[in-house]
>>> print(open('data21.txt').read())   # compact mmCIF, C-alpha atoms
# COMPACT_ATOMS: atom_id res chain seq x y z
CA ARG A 16 -9.61 18.88 19.41
CA GLU A 17 -7.79 22.16 19.03
CA PRO A 18 -4.55 22.30 17.04
CA PRO A 19 -1.43 22.36 19.22
CA ARG A 20 -0.04 25.78 19.98
CA ARG A 21 3.61 26.52 20.52
CA ALA A 22 4.02 27.18 24.22
CA PRO A 23 7.31 27.93 25.99
CA LEU A 24 8.98 25.65 28.45
CA VAL A 25 10.90 28.77 29.44
CA LEU A 26 10.26 32.34 28.38
CA VAL A 27 13.17 33.09 26.05
CA LEU A 28 11.80 36.13 24.27
CA ALA A 29 12.73 39.47 25.77
CA ALA A 30 12.42 41.71 22.73
CA VAL A 31 10.19 44.74 22.87
CA PRO A 32 7.22 43.96 20.59
CA ALA A 33 7.25 47.40 18.97
CA LEU A 34 10.89 47.04 17.96
CA ALA A 35 10.37 43.52 16.68
CA LEU A 36 7.34 44.63 14.73
CA ALA A 37 9.43 47.21 12.94
CA ALA A 38 11.62 44.36 11.68
CA CYS A 39 8.70 42.65 9.92
CA THR A 40 9.58 43.74 6.42
CA PRO A 41 8.21 42.04 3.30
CA ALA A 42 10.19 39.28 1.64
CA PRO A 43 11.92 40.22 -1.60
CA PRO A 44 9.64 39.87 -4.67
CA GLY A 45 9.48 36.34 -6.05
CA VAL A 46 10.98 34.72 -2.96
CA ASP A 47 8.58 32.41 -1.13
CA ILE A 48 11.01 31.38 1.60
CA TRP A 49 12.98 34.28 3.02
CA ASP A 50 15.62 33.17 5.50
CA PRO A 51 18.33 35.84 5.79
CA GLN A 52 19.29 34.61 9.28
CA GLU A 53 19.78 30.98 8.31
CA ALA A 54 23.07 30.59 10.17
CA GLN A 55 21.55 31.68 13.49
CA ASN A 56 18.40 29.70 12.79
CA ARG A 57 20.43 26.55 12.20
CA GLU A 58 22.13 27.03 15.56
CA ALA A 59 18.73 27.28 17.24
CA HIS A 60 17.58 24.22 15.28
CA ALA A 61 20.54 22.22 16.57
CA ILE A 62 19.64 23.24 20.13
CA ASN A 63 16.03 22.19 19.58
CA ARG A 64 17.09 18.82 18.14
CA ARG A 65 19.20 18.15 21.23
CA LEU A 66 16.35 19.18 23.52
CA ASP A 67 13.92 16.99 21.60
CA ALA A 68 16.23 14.01 21.99
CA ALA A 69 16.62 14.65 25.71
CA VAL A 70 13.00 15.06 26.82
CA PRO A 71 10.66 12.08 27.41
CA GLY A 72 8.63 11.31 24.31
CA GLY A 73 11.04 13.09 22.01
CA ALA A 74 13.35 11.60 19.42
CA GLY A 75 15.09 8.75 21.18
CA GLY A 76 12.71 8.98 24.16
CA ASP A 77 10.44 6.25 25.46
CA GLY A 78 7.31 8.34 25.98
CA VAL A 79 6.11 10.37 28.94
CA GLY A 80 4.68 7.38 30.80
CA VAL A 81 1.42 9.19 31.56
CA PRO A 82 -1.87 7.25 31.30
CA ARG A 83 -3.90 8.38 28.31
CA PRO A 84 -6.92 9.64 30.34
CA VAL A 85 -4.57 11.78 32.46
CA ALA A 86 -2.78 13.09 29.37
CA ARG A 87 -6.14 13.93 27.78
CA GLY A 88 -7.26 15.82 30.89
CA VAL A 89 -4.00 17.80 30.96
CA ALA A 90 -4.36 18.63 27.26
CA ASN A 91 -7.98 19.73 27.78
CA PHE A 92 -6.98 21.95 30.71
CA ALA A 93 -4.18 23.57 28.72
CA ALA A 94 -6.48 24.20 25.74
CA ASN A 95 -9.17 25.68 27.99
CA ALA A 96 -6.66 28.00 29.65
CA GLY A 97 -5.85 29.41 26.20
CA GLN A 98 -9.45 30.17 25.33
CA PRO A 99 -9.51 33.77 26.66
CA SER A 100 -6.68 34.65 24.26
CA ASN A 101 -8.57 32.93 21.43
CA ILE A 102 -11.65 34.98 22.24
CA LEU A 103 -9.76 38.27 22.37
CA ASN A 104 -7.90 37.62 19.12
CA SER A 105 -11.12 36.58 17.36
CA VAL A 106 -12.65 39.91 18.39
CA LEU A 107 -9.59 41.83 17.19
CA GLN A 108 -9.82 40.00 13.87
CA GLY A 109 -13.47 40.98 13.45
CA ARG A 110 -14.67 37.35 13.61
CA PRO A 111 -17.67 37.24 15.97
CA ASP A 112 -18.68 33.63 15.26
CA PRO A 113 -15.50 31.96 16.61
CA ALA A 114 -15.42 34.48 19.46
CA ILE A 115 -18.91 33.38 20.52
CA ARG A 116 -18.17 29.67 20.13
CA ASN A 117 -14.89 29.94 22.05
CA THR A 118 -16.71 31.85 24.80
CA LEU A 119 -19.33 29.10 25.07
CA ARG A 120 -16.60 26.47 25.17
CA PHE A 121 -14.73 28.31 27.90
CA MET A 122 -17.82 28.77 30.06
CA LEU A 123 -19.00 25.16 29.71
CA ASN A 124 -15.62 23.52 30.13
CA THR A 125 -14.59 25.74 33.03
CA THR A 126 -17.79 25.02 34.98
CA VAL A 127 -19.29 21.67 33.96
CA GLY A 128 -15.94 20.42 32.70
CA ILE A 129 -14.25 21.03 36.09
CA GLY A 130 -11.80 23.75 35.13
CA GLY A 131 -11.38 22.42 31.62
CA LEU A 132 -10.30 18.87 32.48
CA PHE A 133 -13.22 17.53 30.43
CA ASP A 134 -14.22 18.80 26.99
CA VAL A 135 -17.94 19.00 27.66
CA ALA A 136 -18.44 21.58 24.89
CA GLY A 137 -16.84 19.30 22.33
CA ALA A 138 -19.13 16.45 23.36
CA LEU A 139 -22.07 18.78 22.72
CA GLY A 140 -20.76 19.64 19.25
CA ILE A 141 -19.50 23.13 20.12
CA GLU A 142 -16.16 23.29 18.35
CA GLY A 143 -13.77 26.15 18.94
CA ARG A 144 -11.24 27.82 16.70
CA TRP A 145 -7.67 28.26 17.86
CA THR A 146 -5.97 31.50 16.87
CA ASP A 147 -3.22 33.83 18.05
CA PHE A 148 -1.99 37.40 17.70
CA GLY A 149 0.25 36.38 14.82
CA GLU A 150 -2.93 35.62 12.88
CA THR A 151 -4.41 38.91 14.07
CA LEU A 152 -1.42 40.74 12.59
CA HIS A 153 -1.93 38.79 9.36
CA VAL A 154 -5.59 39.85 9.23
CA TRP A 155 -4.48 43.44 9.79
CA GLY A 156 -2.24 43.18 6.72
CA LEU A 157 1.24 42.91 8.25
CA PRO A 158 3.72 40.88 6.18
CA GLU A 159 5.13 37.55 7.28
CA GLY A 160 8.70 38.77 7.53
CA ALA A 161 11.71 36.50 7.65
CA TYR A 162 11.64 32.89 8.80
CA GLN A 163 12.96 32.29 12.31
CA GLU A 164 13.66 29.29 14.50
CA LEU A 165 13.79 30.10 18.19
CA PRO A 166 15.35 27.98 20.95
CA VAL A 167 12.70 25.92 22.80
CA ILE A 168 9.81 27.65 21.00
CA GLY A 169 10.67 26.32 17.57
CA PRO A 170 9.82 27.44 14.01
CA SER A 171 8.31 30.90 13.58
CA THR A 172 8.41 34.05 11.48
CA GLU A 173 9.11 37.62 12.49
CA ARG A 174 5.38 38.32 12.54
CA ASP A 175 4.55 35.22 14.57
CA SER A 176 7.36 35.91 17.05
CA VAL A 177 5.88 39.36 17.70
CA GLY A 178 2.45 37.77 18.04
CA PHE A 179 3.80 35.27 20.56
CA VAL A 180 5.15 38.04 22.79
CA VAL A 181 1.95 40.09 22.50
CA ASP A 182 -0.16 37.04 23.39
CA LEU A 183 1.80 36.73 26.62
CA LEU A 184 1.35 40.41 27.42
CA ILE A 185 -2.37 40.71 26.64
CA ASP A 186 -3.53 37.36 28.02
CA PRO A 187 -6.92 38.14 29.63
CA LEU A 188 -6.24 35.57 32.35
CA ASN A 189 -3.55 37.87 33.72
CA ALA A 190 -6.20 40.48 34.50
CA LEU A 191 -8.66 37.97 35.96
CA ARG A 192 -6.31 36.12 38.28
CA PRO A 193 -6.52 36.84 42.04
CA PRO A 194 -3.78 39.09 43.46
CA GLY A 195 -0.62 37.30 44.48
CA THR A 196 -1.27 34.20 42.35
CA ARG A 197 0.63 35.17 39.20
CA ASN A 198 3.42 32.61 39.56
CA ARG A 199 1.03 29.78 40.41
CA VAL A 200 -1.23 30.61 37.46
CA LEU A 201 1.72 30.76 35.07
CA ALA A 202 3.14 27.50 36.43
CA ALA A 203 -0.20 25.70 36.09
CA ARG A 204 -0.85 27.01 32.60
CA HIS A 205 2.57 26.57 31.04
CA GLY A 206 3.28 23.37 32.97
CA SER A 207 0.09 21.75 31.70
CA ARG A 208 0.83 22.94 28.18
CA ALA A 209 4.34 21.52 28.33
CA LEU A 210 2.99 18.13 29.47
CA ALA A 211 0.37 18.23 26.73
CA LEU A 212 3.04 18.96 24.11
CA LEU A 213 5.18 16.09 25.37
CA GLY A 214 2.20 13.78 25.07
CA GLU A 215 1.51 14.96 21.52
CA ARG A 216 5.17 14.55 20.62
CA ALA A 217 5.09 10.96 21.85
CA ASP A 218 1.85 10.21 19.98
CA TYR A 219 3.26 11.40 16.66
CA SER A 220 6.89 10.42 17.22
CA GLU A 221 7.08 7.97 14.31
CA ALA A 222 5.65 10.41 11.78
CA LEU A 223 7.79 13.30 13.02
CA ASP A 224 10.94 11.22 13.04
CA ALA A 225 10.24 10.05 9.50
CA LEU A 226 9.51 13.55 8.21
CA ILE A 227 12.26 15.42 10.04
CA GLY A 228 14.65 13.10 11.83
CA GLN A 229 15.40 10.98 8.74
CA SER A 230 15.45 13.79 6.17
CA ALA A 231 18.62 14.81 4.34
CA ASP A 232 18.49 18.22 6.03
CA SER A 233 16.14 18.41 9.02
CA TYR A 234 16.39 22.20 9.16
CA VAL A 235 15.18 22.64 5.57
CA GLN A 236 12.43 20.09 6.11
CA THR A 237 11.25 21.74 9.32
CA ARG A 238 11.24 25.17 7.69
CA LEU A 239 9.30 23.91 4.68
CA LEU A 240 6.69 22.05 6.75
CA TYR A 241 6.17 24.96 9.11
CA LEU A 242 5.75 27.61 6.42
CA GLN A 243 3.41 25.48 4.34
CA SER A 244 1.31 24.57 7.37
CA ARG A 245 1.19 28.11 8.73
CA ARG A 246 0.36 29.68 5.37
CA PHE A 247 -2.39 27.14 4.81
CA ARG A 248 -3.73 27.93 8.27
CA LEU A 249 -3.86 31.65 7.48
CA ASP A 250 -4.78 31.62 3.78
CA GLY A 251 -6.45 28.28 3.16
CA THR A 252 -6.03 26.64 -0.23
CA ALA A 253 -4.27 29.74 -1.61
CA ALA A 254 -1.17 28.66 0.31
CA LEU A 255 -1.03 25.39 -1.61
CA GLU A 256 -0.80 27.30 -4.89
CA GLN A 257 2.43 29.03 -3.85
CA ASP A 258 5.59 27.82 -5.52
CA VAL A 259 7.60 26.92 -2.41
CA PHE A 260 11.14 26.03 -3.40
CA ASP A 261 12.71 23.08 -1.60
CA PRO A 262 16.40 22.68 -2.52
CA TYR A 263 16.30 19.06 -1.34
CA ASP A 264 13.17 18.10 -3.25
CA ASP A 265 15.11 15.99 -5.78
CA LEU A 266 16.41 13.80 -2.96
CA TYR A 267 12.91 12.53 -2.24
CA ASP A 268 11.88 11.87 -5.86
CA ASP A 269 12.24 8.15 -6.54
>>> encode(input="data21.txt", output="C-alpha cells")
Amino acid sequence: REPPRRAPLVLVLAAVPALALAACTPAPPGVDIWDPQEAQNREAHAINRRLDAAVPGGAGGDGVGVPRPVARGVANFAANAGQPSNILNSVLQGRPDPAIRNTLRFMLNTTVGIGGLFDVAGALGIEGRWTDFGETLHVWGLPEGAYQELPVIGPSTERDSVGFVVDLLIDPLNALRPPGTRNRVLAARHGSRALALLGERADYSEALDALIGQSADSYVQTRLLYLQSRRFRLDGTAALEQDVFDPYDDLYDD
C-alpha cells in the first residue's frame, strides 16, 4: 500500500512556482524547526481543524459510511492515477529502479486491474515507491525552507509547497488525456483521492485524535509530527538523529 499523499479538495495554491522557489531559503544555523510565519500558519491550522471536524470521518465525524471493498477500490484507483507522476519524479531523481517498478505497477493495474481498481501488481509482489517533486527538489539539493500549514492541504514546507504546485503542472496524465476531457479527468482523480483520504482519516481517527486532538497545542504537535515524518522519508535514519525541539515536550513526560 502506498503512503497517503496530500491531495487538494480545492486548488488553493496560485503562486508562481519560480517565485515561491526563490523563497526557499535555508533555516538559520542551529534551528531545526524554522517557523517565521507561525501566526499565519496557526490561522490555517484553525481552519483545517474546523474542516476536519465538519467532514465525515474527521474529528467528531461518524465515518464515511462506505463499504470497505468500495473504499479500497477508490484508494487503489487514486494511487494508480498518481503513478505517472511517481515515474516522472523517479526519473528526475536519477532512480531507475523505482521508476521501472512504478511503470510495471501502472501498466498491470491499469489493464488487468481495471483502471487501477484492483492492486494486481501488489498481489504479484511488485511494490511501488511513492514520491513527489518536493522530494525531487530535495535530491537536487534545495533546502527545506520555512514550515508552512496551508488551508485544506495541510502541513508543508516552502520546498514541498513548490513541489506540490509543480506536480500539478507537470502531471503526465494531463498530456495523455483525450481533448476536451480535462475537467472530467481532474474530477475523477481528485474526487477519488478525496474519498480515499476521508476513508484513511476514519480508519486512523482514534490515533490521530489522541496524537493531535488531545494534545496541549495541536499546532505544535502537528508541526512536529509532520517535520519528523517528512525528514525521515527523505533522509532515513539521519532524520531521527536531529535534535528537534518541542516546547511542549515536558507536558508529556510523566
>>> closest_residue(input="data21.txt", among="A:Ser176, A:Gln236, A:Thr118, A:Asn104", to="A:Glu142", atoms="all atoms listed in the file")
A:Thr118
>>> closest_residue(input="data21.txt", among="A:Ser105, A:Phe133, A:Asn124, A:Gln163", to="A:Pro51", atoms="only C-alpha atoms")
A:Gln163
>>> closest_residue(input="data21.txt", among="A:Asp112, A:Arg144, A:Ala69, A:Leu132", to="A:Arg87", atoms="all atoms listed in the file")
A:Leu132
>>> residues_around(input="data21.txt", residues="A:Leu103", least_positions_apart="6", cutoff="10 Å", atoms="only C-alpha atoms", output="number ranges by chain")
A: 114, 117-118, 146-148, 151, 182, 185-187
>>> axis_aligned_box(input="data21.txt", around="stretch 48-62 of chain A", padding_each_side="3 Å", output="JSON")
{"center_x": 17.0, "center_y": 29.0, "center_z": 10.9, "size_x": 18.1, "size_y": 19.6, "size_z": 24.5}
>>> closest_residue(input="data21.txt", among="A:Leu152, A:Leu139, A:Val235, A:Val167", to="A:Ile62", atoms="all atoms listed in the file")
A:Val167
>>> atom_distance(input="data21.txt", atom1="atom CA of A:Asp67", atom2="atom CA of A:Ser233")
12.9 Å
>>> closest_residue(input="data21.txt", among="A:Val135, A:Ala93, A:Val181, A:Ile48", to="A:Leu239", atoms="only C-alpha atoms")
A:Ile48
>>> atom_distance(input="data21.txt", atom1="atom CA of A:Ala161", atom2="atom CA of A:Tyr241")
12.9 Å
>>> atom_distance(input="data21.txt", atom1="atom CA of A:Gly88", atom2="atom CA of A:Phe247")
28.8 Å
>>> residues_near_point(input="data21.txt", point="(1.1, 35.6, 1.4)", cutoff="8 Å", atoms="all atoms listed in the file", output="list of chain:residue names")
A:Pro158, A:Glu159, A:Arg246, A:Asp250, A:Ala254
>>> closest_residue(input="data21.txt", among="A:Val154, A:Ala90, A:Thr126, A:Arg245", to="A:Arg110", atoms="all atoms listed in the file")
A:Val154
